Amino acid sequence: MTAIRAFEAVARLGGVTLAARELHVSPSAISHQLSLLDQFVQQPLTRREGRGLGLTEAGREYFRSVRAAFSVLRGATEQLREGTLGAQVQLGVIPLFARTWLFRHVEAFLAANPDIELTVSYAHHRNYVSDSADLSVRFGEGQWRGYEAHRILSGGVAPYCSAGFATRHPDLLAGEGALPAGPLIHDQDRDGWRLWCEEAGAEPNREQGILVEDGNLALQAALDGLGVALLRPSLVGVLAEEGQLVRLSQRELHDGRDYYLCHLSQQPLSGAETRLLRWIVRHCGAAVRTAP
């Protein structure tokens with residue numbers, strides 16, 4: 001823990017000297033702790049960059065995990081000193097879920113539970129093992145070893161574009177066969193549109209259009225009028241109701257992956273965590289599924 005604390009300070013403050021000053025130790029002691037941590041994890045987390053230190057790719061990923069944990073610890077300690085410590089809950093979320101669902105509803109939960117101090121962080125969707133959150137919203141088949149997974153929303157996708165894009169391309173409203181001819185937005189890879197077109201009996205233009213990393217970027221690209229994206233009605237349906245998006249087909253493609261709210265199965269939930277879990281599950285109207 002001493003080595004991890006030294007690493008977190010170096011990564012957060014940007015240097016050994018500043019970290020040493022904050023932790024009231026010498027710079028050589030910080031360097032020694034960094035070396036011990038590298039040996040323990042069996043790979044370098046920092047590297048020399050000129051006269052300073054930078055993070056390796058592994059170091060950046062590790063810092064994302066430990067930063068949230070240390071932030072919670074610092075906040076809890078300060079609140080305890082001030083006599084204002086409430087019930088702490090850390091929720092890890094996929095950005096798209098936070099943007100389209102959580103932040104639109106969570107105010108009601110917090111108003112009904114004023115004793116809960118909620119911290120929202122990123123769920124590491126490529127490495128859920130690194131999550132430090134009490135509860136995390138994940139996307140997948142609902143099976144993560146050691147976790148209990150509560151299915152909360154469907155992961156099916158359907159084609160959407162912005163209202164302005166639909167106005168500029170009225171031919172898109174003619175039918176499903178017209179969609180692949182227009183600019184397409186691809187999420188993670190170009191297979192999504194291929195599969196959707198196979199279902200619709202249309203010919204896909206897989207090489208056309210922008211390729212983005214995740215659903216959050218796909219949504220933003222669609223809202224900015226870059227083309228037609230396969231988005232999840234369970235999340236973006238509200239944007240269509242508000243007129244920001246136009247759904248171009250009722251056909252929905254589902255590959256077996258959905259959104260789940262997860263927590264460690266062997267670690268009992270606190271009262272506050274249980275309240276948040278039940279609230280999310282109830283408001284999403286979901287079934288419960290337990291992973292092995």
# chains A, B, ... in the order shown; residues from 1 in each chain; ligands from 1
>>> residues_around(residues="Ala218 (chain A)", least_positions_apart="4", cutoff="12 Å", atoms="only C-alpha atoms", output="number ranges by chain")
A: 95-96, 157, 159-162, 184-189, 209-214, 222-232, 236
>>> select_by_dssp(residues="region 2-238 of chain A", states="alpha helix (DSSP H)", output="VMD selection string")
chain A and resid 2 to 13 16 to 23 27 to 41 57 to 82 95 to 97 103 to 112 163 to 168 191 to 200 215 to 223 233 to 238
>>> atom_distance(atom1="CA of Ser31 (chain A)", atom2="CA of Val16 (chain A)")
7.2 Å
>>> select_by_dssp(residues="region 79-265 of chain A", states="strand (DSSP E or B)", output="PyMOL selection string")
chain A and resi 87-93+116-122+135-140+147-153+157-162+184-187+210-212+228-231+245-247+253+258-264
>>> closest_residue(among="A:Ala202, A:Met1, A:Leu45, A:Leu91", to="Cys262 (chain A)", atoms="only C-alpha atoms")
A:Leu91
>>> residues_around(residues="region 132-140 of chain A", least_positions_apart="5", cutoff="7 Å", atoms="only C-alpha atoms", output="list in words")
Ser65, Ala69, Val89, Gln90, Leu91, Gly92, Val93, Ile94, Ala123, His125, Arg257, Asp258, Tyr259, Tyr260, Leu261, Cys262 and His263 of chain A
>>> atom_distance(atom1="CA of Arg64 (chain A)", atom2="CA of Tyr122 (chain A)")
8.7 Å
>>> closest_residue(among="A:Gln208, A:Arg275, A:Ala98, A:Gly155", to="Leu179 (chain A)", atoms="only C-alpha atoms")
A:Gln208
>>> closest_residue(among="A:Leu55, A:Glu241, A:Pro27, A:Glu117", to="Gly75 (chain A)", atoms="only C-alpha atoms")
A:Glu117
>>> residues_around(residues="Arg278 (chain A)", least_positions_apart="5", cutoff="12 Å", atoms="only C-alpha atoms", output="JSON list (two decimals) with C-alpha atoms, in the first residue's frame")
[["chain", "number", "residue", "atom", "x", "y", "z"],
["A", 109, "PHE", "CA", -32.89, 9.10, -5.81],
["A", 135, "LEU", "CA", -21.58, -1.18, -8.01],
["A", 150, "HIS", "CA", -28.66, -7.74, -12.56],
["A", 151, "ARG", "CA", -29.92, -7.21, -16.10],
["A", 152, "ILE", "CA", -31.22, -3.64, -16.35],
["A", 261, "LEU", "CA", -25.65, -3.71, -12.75],
["A", 262, "CYS", "CA", -22.96, -5.75, -10.98],
["A", 269, "LEU", "CA", -23.67, -4.80, 0.17],
["A", 271, "GLY", "CA", -27.55, -0.54, 3.27],
["A", 272, "ALA", "CA", -26.82, 2.44, 1.02],
["A", 273, "GLU", "CA", -25.51, 0.24, -1.80],
["A", 283, "HIS", "CA", -36.55, 2.03, -12.50],
["A", 284, "CYS", "CA", -34.99, 0.09, -15.35],
["A", 285, "GLY", "CA", -37.66, -2.60, -14.94],
["A", 286, "ALA", "CA", -35.16, -5.45, -15.20],
["A", 287, "ALA", "CA", -34.83, -9.09, -14.28],
["A", 288, "VAL", "CA", -32.02, -10.46, -12.12]]
